[in-house]
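Asks: This is data-v7.tsv (TSV, C-alpha atoms).
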chain	number	residue	atom	x	y	z
A	1	MET	CA	-58.29	-30.51	-8.30
A	2	LEU	CA	-58.41	-27.81	-5.62
A	3	PHE	CA	-61.65	-29.23	-4.27
A	4	ARG	CA	-60.14	-32.73	-4.10
A	5	ASN	CA	-57.10	-31.43	-2.18
A	6	ILE	CA	-59.36	-29.67	0.29
A	7	ILE	CA	-61.28	-32.90	0.79
A	8	ASN	CA	-58.05	-34.83	1.38
A	9	LEU	CA	-56.82	-32.29	3.91
A	10	ILE	CA	-60.12	-32.39	5.77
A	11	PHE	CA	-59.99	-36.20	5.82
A	12	LEU	CA	-56.43	-36.15	7.17
A	13	TYR	CA	-57.50	-33.75	9.90
A	14	PHE	CA	-60.42	-35.96	10.91
A	15	ALA	CA	-58.23	-39.07	10.86
A	16	LEU	CA	-55.57	-37.54	13.11
A	17	PHE	CA	-58.21	-36.08	15.41
A	18	LEU	CA	-59.96	-39.41	15.82
A	19	ILE	CA	-56.73	-41.34	16.35
A	20	VAL	CA	-55.73	-38.98	19.16
A	21	SER	CA	-59.17	-38.61	20.70
A	22	CYS	CA	-60.17	-42.26	20.49
A	23	SER	CA	-56.92	-43.76	21.73
A	24	ASP	CA	-56.99	-45.13	25.27
A	25	SER	CA	-53.77	-44.14	27.00
A	26	SER	CA	-54.66	-46.46	29.86
A	27	LYS	CA	-54.67	-49.59	27.68
A	28	PHE	CA	-52.81	-52.32	29.50
A	29	ASN	CA	-50.32	-54.88	28.26
A	30	VAL	CA	-50.33	-58.49	29.38
A	31	GLU	CA	-48.00	-61.31	28.38
A	32	ILE	CA	-47.48	-64.81	29.69
A	33	SER	CA	-44.29	-65.55	31.59
A	34	ARG	CA	-42.42	-68.61	30.38
A	35	TYR	CA	-41.91	-69.77	33.95
A	36	PRO	CA	-44.36	-70.95	36.62
A	37	ASP	CA	-45.21	-69.46	40.01
A	38	GLY	CA	-43.50	-66.13	39.45
A	39	LYS	CA	-40.04	-67.53	38.71
A	40	ASP	CA	-37.83	-64.98	36.97
A	41	PHE	CA	-35.60	-67.21	34.85
A	42	ALA	CA	-34.63	-70.85	34.23
A	43	PHE	CA	-31.25	-72.47	34.84
A	44	THR	CA	-30.25	-76.09	34.38
A	45	ILE	CA	-27.27	-78.27	33.39
A	46	THR	CA	-26.55	-81.29	31.22
A	47	ASP	CA	-23.38	-83.11	32.29
A	48	ASP	CA	-22.02	-85.49	29.65
A	49	PRO	CA	-20.47	-88.64	31.16
A	50	ASP	CA	-17.13	-88.48	29.28
A	51	TYR	CA	-14.30	-89.68	31.56
A	52	GLY	CA	-16.62	-89.50	34.57
A	53	GLN	CA	-16.05	-91.88	37.47
A	54	LEU	CA	-18.51	-93.10	40.08
A	55	GLU	CA	-16.50	-91.72	43.00
A	56	GLU	CA	-16.79	-88.16	41.65
A	57	LYS	CA	-20.54	-88.15	41.07
A	58	PRO	CA	-21.71	-87.62	44.70
A	59	ILE	CA	-19.26	-84.72	45.13
A	60	ILE	CA	-21.11	-82.86	42.37
A	61	TYR	CA	-24.68	-84.08	42.63
A	62	ASP	CA	-25.03	-84.01	46.40
A	63	MET	CA	-24.14	-80.32	46.24
A	64	LEU	CA	-26.57	-79.66	43.36
A	65	TYR	CA	-29.32	-81.45	45.28
A	66	GLU	CA	-28.68	-79.44	48.45
A	67	LEU	CA	-28.80	-76.17	46.49
A	68	GLY	CA	-32.16	-77.08	44.96
A	69	PHE	CA	-31.01	-77.81	41.40
A	70	ARG	CA	-32.58	-80.71	39.51
A	71	THR	CA	-30.57	-81.17	36.33
A	72	THR	CA	-30.30	-83.60	33.40
A	73	VAL	CA	-27.79	-86.44	33.65
A	74	PRO	CA	-26.89	-88.08	30.31
A	75	ILE	CA	-25.45	-91.58	30.72
A	76	TRP	CA	-24.26	-94.65	28.82
A	77	VAL	CA	-25.89	-98.03	29.25
A	78	LEU	CA	-23.51	-100.03	27.02
A	79	ASP	CA	-19.75	-100.47	27.09
A	80	ASN	CA	-17.47	-99.57	24.17
A	81	LYS	CA	-17.32	-102.61	21.88
A	82	HIS	CA	-15.96	-101.22	18.63
A	83	GLY	CA	-14.00	-98.09	19.46
A	84	SER	CA	-15.21	-94.66	18.39
A	85	GLY	CA	-14.81	-92.70	15.16
A	86	GLU	CA	-14.23	-93.73	11.56
A	87	LYS	CA	-11.37	-96.11	12.33
A	88	GLY	CA	-12.48	-97.06	15.84
A	89	LEU	CA	-9.28	-95.61	17.26
A	90	VAL	CA	-10.80	-94.67	20.62
A	91	THR	CA	-10.85	-97.94	22.52
A	92	ASN	CA	-11.24	-96.93	26.18
A	93	THR	CA	-14.71	-96.59	27.65
A	94	ARG	CA	-14.17	-92.88	28.35
A	95	GLY	CA	-16.17	-93.14	31.56
A	96	VAL	CA	-18.35	-95.40	33.68
A	97	THR	CA	-21.51	-97.01	32.26
A	98	THR	CA	-24.55	-98.65	33.87
A	99	THR	CA	-22.96	-102.06	33.33
A	100	ASN	CA	-21.31	-101.07	36.63
A	101	LYS	CA	-24.04	-102.06	39.12
A	102	ARG	CA	-22.95	-99.57	41.78
A	103	TYR	CA	-23.06	-96.77	39.25
A	104	LEU	CA	-26.50	-97.90	38.03
A	105	LYS	CA	-27.80	-97.87	41.60
A	106	TYR	CA	-26.47	-94.36	42.15
A	107	ILE	CA	-28.03	-93.03	38.92
A	108	GLN	CA	-31.36	-94.61	39.91
A	109	GLU	CA	-31.09	-92.80	43.25
A	110	LEU	CA	-30.56	-89.52	41.40
A	111	GLN	CA	-33.67	-90.25	39.36
A	112	GLU	CA	-35.65	-90.76	42.58
A	113	LYS	CA	-34.41	-87.37	43.81
A	114	GLY	CA	-35.83	-85.63	40.74
A	115	PHE	CA	-32.89	-85.55	38.35
A	116	GLU	CA	-33.64	-86.39	34.71
A	117	ILE	CA	-31.72	-89.31	33.21
A	118	ALA	CA	-30.93	-89.06	29.49
A	119	LEU	CA	-28.77	-90.84	26.91
A	120	HIS	CA	-25.42	-89.73	25.51
A	121	THR	CA	-25.98	-92.29	22.74
A	122	ALA	CA	-26.32	-95.86	24.00
A	123	GLY	CA	-22.60	-96.27	24.61
A	124	PRO	CA	-19.25	-94.45	24.33
A	125	GLY	CA	-18.27	-96.34	21.18
A	126	ASN	CA	-19.72	-96.82	17.68
A	127	ASP	CA	-22.97	-98.73	18.17
A	128	LEU	CA	-24.63	-100.69	15.35
A	129	ARG	CA	-28.38	-100.37	14.85
A	130	GLU	CA	-29.16	-103.49	16.85
A	131	GLU	CA	-26.94	-102.28	19.69
A	132	THR	CA	-28.66	-98.89	19.86
A	133	ILE	CA	-32.02	-100.69	19.97
A	134	GLU	CA	-30.65	-102.91	22.75
A	135	GLY	CA	-29.46	-99.80	24.60
A	136	TYR	CA	-32.88	-98.15	24.40
A	137	GLU	CA	-34.63	-101.23	25.75
A	138	LEU	CA	-32.04	-101.57	28.51
A	139	PHE	CA	-32.50	-97.91	29.46
A	140	LYS	CA	-36.25	-98.47	29.75
A	141	ARG	CA	-35.78	-101.52	31.98
A	142	GLN	CA	-33.39	-99.61	34.21
A	143	PHE	CA	-35.34	-96.33	34.48
A	144	GLY	CA	-38.93	-97.11	33.54
A	145	TYR	CA	-39.18	-95.03	30.36
A	146	TYR	CA	-37.36	-94.40	27.11
A	147	PRO	CA	-34.90	-91.47	27.22
A	148	LYS	CA	-36.73	-88.23	26.51
A	149	ILE	CA	-33.42	-86.60	25.58
A	150	ASN	CA	-30.49	-87.88	23.52
A	151	ILE	CA	-27.18	-86.05	23.18
A	152	ASN	CA	-24.77	-87.13	20.45
A	153	HIS	CA	-21.38	-88.31	21.71
A	154	ALA	CA	-18.12	-87.05	20.18
A	155	ASN	CA	-17.25	-89.04	17.05
A	156	ASN	CA	-19.61	-91.99	17.38
A	157	LEU	CA	-20.62	-93.03	13.88
A	158	GLU	CA	-24.25	-93.52	14.90
A	159	ASP	CA	-24.59	-89.84	15.87
A	160	ILE	CA	-27.68	-88.41	14.25
A	161	TYR	CA	-27.45	-85.30	12.00
A	162	TRP	CA	-24.00	-84.61	13.40
A	163	GLY	CA	-20.84	-83.13	11.89
A	164	GLY	CA	-21.56	-81.45	8.56
A	165	ASP	CA	-25.11	-82.80	8.59
A	166	ARG	CA	-25.96	-80.36	11.37
A	167	PHE	CA	-26.09	-77.70	8.66
A	168	SER	CA	-29.14	-77.25	6.46
A	169	ASN	CA	-27.13	-75.16	3.98
A	170	ARG	CA	-25.43	-77.41	1.39
A	171	VAL	CA	-22.34	-75.23	1.07
A	172	PHE	CA	-21.69	-75.16	4.81
A	173	ARG	CA	-22.36	-78.88	4.99
A	174	PHE	CA	-19.85	-79.61	2.22
A	175	ILE	CA	-17.12	-77.42	3.75
A	176	TYR	CA	-17.54	-78.88	7.23
A	177	LYS	CA	-17.33	-82.43	5.92
A	178	LEU	CA	-13.88	-81.70	4.52
A	179	VAL	CA	-12.50	-81.69	8.06
A	180	GLU	CA	-15.01	-83.80	10.01
A	181	PRO	CA	-16.04	-87.46	9.53
A	182	ASP	CA	-19.44	-88.49	8.26
A	183	PHE	CA	-22.10	-89.67	10.70
A	184	HIS	CA	-24.72	-92.25	9.87
A	185	GLY	CA	-27.47	-92.38	12.51
A	186	HIS	CA	-30.00	-90.75	10.16
A	187	ARG	CA	-29.00	-92.66	6.99
A	188	GLU	CA	-31.41	-95.47	6.27
A	189	ASP	CA	-28.87	-97.41	4.18
A	190	SER	CA	-26.32	-97.55	7.02
A	191	LYS	CA	-25.72	-100.31	9.57
A	192	TYR	CA	-25.65	-97.51	12.15
A	193	PHE	CA	-29.11	-96.17	11.25
A	194	TRP	CA	-31.50	-95.64	14.17
A	195	GLY	CA	-33.42	-92.55	13.03
A	196	ASP	CA	-36.74	-94.36	13.33
A	197	ILE	CA	-35.94	-95.21	16.97
A	198	SER	CA	-35.08	-91.56	17.64
A	199	LYS	CA	-38.34	-90.42	16.05
A	200	GLU	CA	-40.45	-92.93	17.97
A	201	LYS	CA	-38.84	-92.92	21.41
A	202	THR	CA	-36.93	-89.64	22.00
A	203	LYS	CA	-38.51	-86.19	22.05
A	204	TYR	CA	-35.49	-83.84	22.20
A	205	VAL	CA	-31.94	-83.81	20.81
A	206	ARG	CA	-29.31	-81.24	21.74
A	207	GLY	CA	-28.19	-78.99	18.89
A	208	TRP	CA	-26.11	-75.80	18.64
A	209	CYS	CA	-24.10	-74.26	21.49
A	210	THR	CA	-23.56	-70.60	22.34
A	211	ASP	CA	-21.21	-68.74	24.68
A	212	ASN	CA	-24.20	-66.62	25.77
A	213	ILE	CA	-25.49	-67.70	29.19
A	214	ASN	CA	-29.03	-66.96	28.02
A	215	THR	CA	-29.58	-69.88	25.65
A	216	LEU	CA	-33.05	-68.56	24.88
A	217	SER	CA	-31.76	-65.23	23.57
A	218	VAL	CA	-29.92	-67.11	20.79
A	219	ASN	CA	-32.45	-69.89	20.24
A	220	LYS	CA	-35.82	-68.22	20.85
A	221	SER	CA	-37.78	-70.93	19.01
A	222	MET	CA	-36.52	-73.89	21.03
A	223	PRO	CA	-37.64	-76.57	21.04
A	224	TYR	CA	-37.87	-76.54	17.25
A	225	HIS	CA	-38.28	-79.01	14.37
A	226	LEU	CA	-36.39	-78.98	11.07
A	227	LYS	CA	-38.10	-80.45	8.02
A	228	ASP	CA	-34.77	-81.48	6.48
A	229	LYS	CA	-33.98	-83.50	9.64
A	230	PRO	CA	-37.14	-85.59	10.02
A	231	HIS	CA	-35.73	-88.22	12.39
A	232	VAL	CA	-35.39	-85.68	15.21
A	233	ASN	CA	-38.67	-84.52	16.72
A	234	TYR	CA	-37.32	-81.38	18.38
A	235	TRP	CA	-33.94	-79.70	18.80
A	236	PHE	CA	-32.80	-77.48	21.65
A	237	GLY	CA	-29.80	-75.21	22.10
A	238	CYS	CA	-27.35	-75.00	24.98
A	239	SER	CA	-24.85	-72.62	26.59
A	240	ASP	CA	-21.26	-73.81	26.39
A	241	GLY	CA	-19.63	-74.62	29.73
A	242	TYR	CA	-17.65	-77.49	28.19
A	243	ASN	CA	-14.99	-77.68	30.92
A	244	TYR	CA	-14.30	-76.03	34.27
A	245	ASN	CA	-12.75	-72.85	32.87
A	246	LYS	CA	-15.52	-72.29	30.32
A	247	PHE	CA	-18.16	-73.05	32.95
A	248	ILE	CA	-16.74	-70.49	35.39
A	249	ARG	CA	-16.60	-67.84	32.68
A	250	LEU	CA	-20.17	-68.65	31.70
A	251	VAL	CA	-21.57	-68.30	35.24
A	252	SER	CA	-19.70	-65.10	36.13
A	253	ASP	CA	-21.49	-62.50	38.25
A	254	LYS	CA	-22.04	-60.36	35.16
A	255	ASN	CA	-23.63	-63.22	33.25
A	256	ILE	CA	-25.80	-64.33	36.18
A	257	ASN	CA	-27.19	-60.81	36.47
A	258	LYS	CA	-27.71	-60.70	32.71
A	259	LEU	CA	-29.67	-63.97	32.77
A	260	ALA	CA	-31.97	-62.78	35.54
A	261	LYS	CA	-32.47	-59.32	34.01
A	262	GLU	CA	-33.38	-60.78	30.61
A	263	ARG	CA	-35.75	-63.33	32.19
A	264	GLY	CA	-33.80	-65.86	30.18
A	265	ALA	CA	-33.34	-69.63	30.16
A	266	SER	CA	-29.90	-71.19	30.48
A	267	ILE	CA	-29.31	-74.82	29.49
A	268	VAL	CA	-25.65	-75.29	30.36
A	269	TYR	CA	-23.71	-78.06	28.64
A	270	THR	CA	-20.65	-79.26	30.55
A	271	HIS	CA	-18.46	-82.19	31.64
A	272	PHE	CA	-18.11	-82.29	35.41
A	273	ALA	CA	-15.18	-84.68	34.92
A	274	TYR	CA	-13.20	-81.93	33.15
A	275	GLY	CA	-11.49	-80.12	36.02
A	276	PHE	CA	-14.33	-79.48	38.51
A	277	ILE	CA	-12.86	-81.65	41.29
A	278	ASP	CA	-9.82	-80.57	43.30
A	279	LYS	CA	-7.79	-83.77	43.20
A	280	SER	CA	-5.78	-82.88	46.30
A	281	THR	CA	-8.83	-82.50	48.53
A	282	ASN	CA	-11.40	-84.45	46.51
A	283	VAL	CA	-13.99	-81.66	46.72
A	284	LEU	CA	-15.67	-79.37	44.21
A	285	LYS	CA	-13.52	-76.34	43.44
A	286	ASP	CA	-14.50	-73.18	45.32
A	287	ASP	CA	-15.39	-70.97	42.35
A	288	ALA	CA	-17.95	-73.46	41.03
A	289	ARG	CA	-19.53	-73.91	44.45
A	290	LYS	CA	-19.63	-70.14	45.02
A	291	GLN	CA	-21.25	-69.28	41.67
A	292	LEU	CA	-23.79	-72.09	41.83
A	293	THR	CA	-24.70	-71.00	45.36
A	294	LYS	CA	-25.28	-67.44	44.10
A	295	ILE	CA	-27.59	-68.69	41.35
A	296	SER	CA	-29.52	-70.90	43.80
A	297	LYS	CA	-30.38	-67.88	45.97
A	298	LEU	CA	-32.10	-66.07	43.10
A	299	ASP	CA	-35.74	-66.63	42.16
A	300	GLY	CA	-34.98	-69.07	39.36
A	301	TRP	CA	-36.62	-72.22	38.06
A	302	PHE	CA	-34.10	-75.04	38.57
A	303	VAL	CA	-35.58	-78.07	36.81
A	304	PRO	CA	-34.35	-80.63	34.24
A	305	VAL	CA	-34.02	-79.77	30.56
A	306	SER	CA	-37.11	-81.58	29.32
A	307	THR	CA	-39.28	-79.94	32.00
A	308	ILE	CA	-38.27	-76.54	30.65
A	309	LEU	CA	-38.77	-77.58	27.01
A	310	ASP	CA	-42.15	-79.19	27.76
A	311	ARG	CA	-43.25	-75.94	29.39
A	312	PHE	CA	-42.22	-73.95	26.34
A	313	MET	CA	-44.20	-76.34	24.15
A	314	LEU	CA	-47.32	-76.00	26.30
A	315	LEU	CA	-47.24	-72.21	26.28
A	316	ARG	CA	-47.36	-72.18	22.48
A	317	ASN	CA	-50.98	-73.29	22.82
A	318	VAL	CA	-51.95	-70.74	25.44
A	319	LYS	CA	-53.41	-67.67	23.73
A	320	ILE	CA	-54.30	-64.14	24.86
A	321	ILE	CA	-57.28	-62.17	23.58
A	322	LYS	CA	-57.47	-58.62	24.90
A	323	ASP	CA	-59.11	-55.26	24.44
A	324	ASN	CA	-58.82	-52.03	26.41
A	325	GLU	CA	-60.59	-53.38	29.48
A	326	THR	CA	-60.32	-57.18	29.65
A	327	VAL	CA	-58.05	-60.09	28.87
A	328	LEU	CA	-58.99	-63.68	28.11
A	329	ILE	CA	-56.32	-66.38	28.51
A	330	ILE	CA	-57.22	-69.63	26.75
A	331	ASN	CA	-55.51	-73.00	27.24
A	332	TYR	CA	-55.82	-75.04	24.04
A	333	ASN	CA	-53.77	-77.90	25.51
A	334	ASN	CA	-55.20	-81.19	26.72
A	335	GLU	CA	-53.16	-80.84	29.93
A	336	THR	CA	-52.88	-78.36	32.75
A	337	VAL	CA	-50.46	-75.43	32.64
A	338	ASN	CA	-49.21	-75.25	36.22
A	339	GLY	CA	-48.50	-72.02	38.08
A	340	LEU	CA	-49.50	-69.74	35.19
A	341	THR	CA	-47.86	-66.35	35.64
A	342	ILE	CA	-48.45	-63.19	33.64
A	343	LEU	CA	-46.47	-59.97	33.25
A	344	ALA	CA	-48.70	-56.90	33.35
A	345	ASN	CA	-48.24	-53.15	33.49
A	346	GLN	CA	-51.08	-52.81	36.02
A	347	GLU	CA	-50.83	-52.78	39.80
A	348	LYS	CA	-53.90	-54.96	40.08
A	349	LEU	CA	-56.48	-56.73	37.94
A	350	TYR	CA	-59.80	-58.32	38.70
A	351	PHE	CA	-59.72	-62.10	38.36
A	352	PHE	CA	-63.27	-62.99	37.31
A	353	ASN	CA	-62.77	-66.75	37.65
A	354	LYS	CA	-62.03	-66.36	41.37
A	355	ASN	CA	-64.08	-63.19	42.02
A	356	LYS	CA	-61.16	-61.31	43.53
A	357	TRP	CA	-58.55	-58.68	42.81
A	358	ILE	CA	-54.96	-59.77	42.29
A	359	SER	CA	-51.92	-57.52	42.66
A	360	SER	CA	-48.62	-57.57	40.83
A	361	ASN	CA	-45.38	-58.15	42.71
A	362	GLU	CA	-42.24	-56.03	42.44
A	363	ASP	CA	-41.36	-57.76	39.15
A	364	GLU	CA	-44.77	-56.84	37.64
A	365	GLU	CA	-45.82	-60.49	37.81
A	366	MET	CA	-49.23	-61.87	38.69
A	367	ILE	CA	-49.49	-65.54	39.64
A	368	LEU	CA	-52.83	-66.92	38.46
A	369	GLY	CA	-52.38	-70.57	39.46
A	370	ASP	CA	-53.10	-73.67	37.41
A	371	LEU	CA	-54.85	-73.37	34.05
A	372	PRO	CA	-56.81	-76.59	33.37
A	373	PRO	CA	-57.11	-78.12	29.88
A	374	TYR	CA	-59.32	-76.21	27.43
A	375	SER	CA	-60.19	-73.57	30.03
A	376	ILE	CA	-60.45	-69.78	29.93
A	377	LEU	CA	-59.36	-67.18	32.47
A	378	LYS	CA	-60.79	-63.66	32.41
A	379	LEU	CA	-59.05	-60.60	33.85
A	380	GLY	CA	-60.20	-56.99	33.83
A	381	LYS	CA	-59.30	-53.50	34.94
A	382	SER	CA	-62.77	-53.34	36.50
A	383	ASP	CA	-64.87	-55.87	38.38
A	384	ILE	CA	-67.95	-54.82	36.41
A	385	ILE	CA	-69.08	-56.96	33.50
A	386	SER	CA	-70.33	-54.56	30.84
A	387	ASN	CA	-72.35	-55.33	27.73
A	388	ASP	CA	-71.35	-52.00	26.21
A	389	TYR	CA	-69.15	-52.21	23.16
A	390	SER	CA	-67.23	-49.35	21.64
A	391	PRO	CA	-66.18	-49.43	17.98
A	392	GLY	CA	-62.46	-49.31	17.31
A	393	ILE	CA	-60.51	-46.39	15.90
A	394	LEU	CA	-60.66	-47.61	12.29
A	395	GLU	CA	-64.39	-48.20	12.45
A	396	ARG	CA	-64.94	-44.72	13.87
A	397	ILE	CA	-62.87	-43.14	11.11
A	398	ILE	CA	-64.87	-45.03	8.46
A	399	MET	CA	-68.18	-43.96	10.00
A	400	VAL	CA	-67.18	-40.27	10.20
A	401	TRP	CA	-65.68	-40.28	6.71
A	402	SER	CA	-68.76	-41.95	5.26
A	403	TRP	CA	-70.91	-39.27	6.88
A	404	PHE	CA	-68.60	-36.51	5.64
A	405	ILE	CA	-68.64	-37.72	2.00
A	406	GLY	CA	-72.39	-37.97	2.12
A	407	ARG	CA	-72.64	-34.24	2.76
A	408	PHE	CA	-71.51	-33.61	-0.85
A	409	ASN	CA	-74.01	-35.98	-2.47
A	410	LYS	CA	-77.13	-33.92	-1.87
Output the file's structure as structure tokens, nothing else.
Replies:
Amino acid sequence: MLFRNIINLIFLYFALFLIVSCSDSSKFNVEISRYPDGKDFAFTITDDPDYGQLEEKPIIYDMLYELGFRTTVPIWVLDNKHGSGEKGLVTNTRGVTTTNKRYLKYIQELQEKGFEIALHTAGPGNDLREETIEGYELFKRQFGYYPKININHANNLEDIYWGGDRFSNRVFRFIYKLVEPDFHGHREDSKYFWGDISKEKTKYVRGWCTDNINTLSVNKSMPYHLKDKPHVNYWFGCSDGYNYNKFIRLVSDKNINKLAKERGASIVYTHFAYGFIDKSTNVLKDDARKQLTKISKLDGWFVPVSTILDRFMLLRNVKIIKDNETVLIINYNNETVNGLTILANQEKLYFFNKNKWISSNEDEEMILGDLPPYSILKLGKSDIISNDYSPGILERIIMVWSWFIGRFNK
């Protein structure tokens, strides 16, 4: 027993010695930034069309355009034919639709400027299956593609996985349905069913909201798929700026700094028709203009929602393989990852693909450029390609221990 304890103590000593002596304190860390070209964070907006009027749109969107924001603009393409909700009690259109030719022309101009056009369901009222199909085809004729994003509207019965059906937990679902109506867009036995259209033609649907400006910190896996909600390809979260007051609280100085510091992504959900315009002067209220101007001057990525989500999807198939001296970055996608940026704890690395050294900026970022489909980038702490290979710590411990045990078998 004493001999065995001595052996164990000797082994522990050797193990600790090797771990300390073989560790490389200069080992570097590399991770891929979510954003291209050294951008520090992402910020965008979805503005639901509820109660919006054509005359107000340029007041908001001209300013966003001038500040460099390209956001997502959900619209309606059909008028309200049946009212909204279980009893169809909401009979007004709740805002302009593309049946207004002047409005359609303006939205098409926004599309040309780089704004993303999406659907807030086909219309502001309950739409039957055939009407939703009509709306999708009309949207494609008007904008050249099917809507990549759909956002459920209020109490429309064709909303998909809405109300209590947002929950995967049966208990939560049951409790929520005691106070909220049922929705039918995902129910194949309903005249409002259009789940197959959603699955075939729309990539993303907006899901849960948070009061946190950094949507990503609450919904790290977005865009995500839920097996119990098969008619939606991918869900994404949003930060709640529902009306003017909530929006201003959301984009406070403190929250803007938090978003940038956390290298986060903010997908702000709002209604620009809910108090953003000063009716006496017919201009955007000062606080909104001031805070949006502050954000625009930071090094953020200001693109539409689906551009951000597509980027996140691409980066899932970009992998890093590293050891103590080199890093390989592999693109398993069949499309290019533009403006690939890495975060590294080194001042400079050698970029073998371009035969040059690259330096990190003040944010510890290194901009590598475009990463073509199925390609590999190699970075190293040295510009020397070595064929030497050193065994890892565990292998060294096994080798020494095997030798040590052998000394007692003579």
Asks: Can you work out which one of A:Ile321, A:Leu315, A:Ile197, A:Ala265 has the shortest atom-to-atom distance to A:Trp301, counting only C-alpha atoms?
Replies: A:Ala265
Asks: Within 6 Å of (-33.7, -66.7, 39.7) (file coordinates; only C-alpha atoms), which protein or nucleic acid residues are there? I'd like them as a ChimeraX atom specification.
Replies: /A:40-41,260,298-300
Asks: With a distance cut-off of 7 Å and all atoms listed in the file, select the neighbouring residues of stretch 206-221 of chain A, excluding the residue or stretch itself and same-chain residues fewer than 5 positions from it, and output the selection as a ChimeraX atom specification.
Replies: /A:150-151,235-240,250,255,259,264-267
Asks: I'd like to know which of A:Gly380, A:Pro49, A:Pro181, A:Gly392 is closest to A:Val327, using only C-alpha atoms.
Replies: A:Gly380
Asks: Counting all atoms listed in the file, which of A:Ile60, A:Leu309, A:Gly163, A:Met399 gets nearest to A:Leu178?
Replies: A:Gly163
Asks: Excluding same-chain residues fewer than 3 positions from A:Tyr35, what lies within 9 Å of it counting only C-alpha atoms, as a PyMOL selection string?
Replies: chain A and resi 32+38-42+300-301+308+311-312+339-341
Asks: Given only C-alpha atoms as the basis, pick out the residue of A:Ile160, A:Val400, A:Val268, A:Val77 nearest to A:Tyr103.
Replies: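 Of all the options, A:Val77 lies closest to A:Tyr103.
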Asks: So, with only C-alpha atoms as the atoms that count, which of A:Asp370, A:Glu116, A:Asp47, A:Asp363 lies closest to A:Ile149?
Replies: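 Among the listed residues, the smallest separation from A:Ile149 belongs to A:Glu116.
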Asks: Skipping near chain neighbours, those fewer than 2 positions away, what residues fall within 6 Å of A:His231 using all atoms listed in the file, listed as an MDAnalysis selection string?
Replies: chainID A and resid 195 199 229
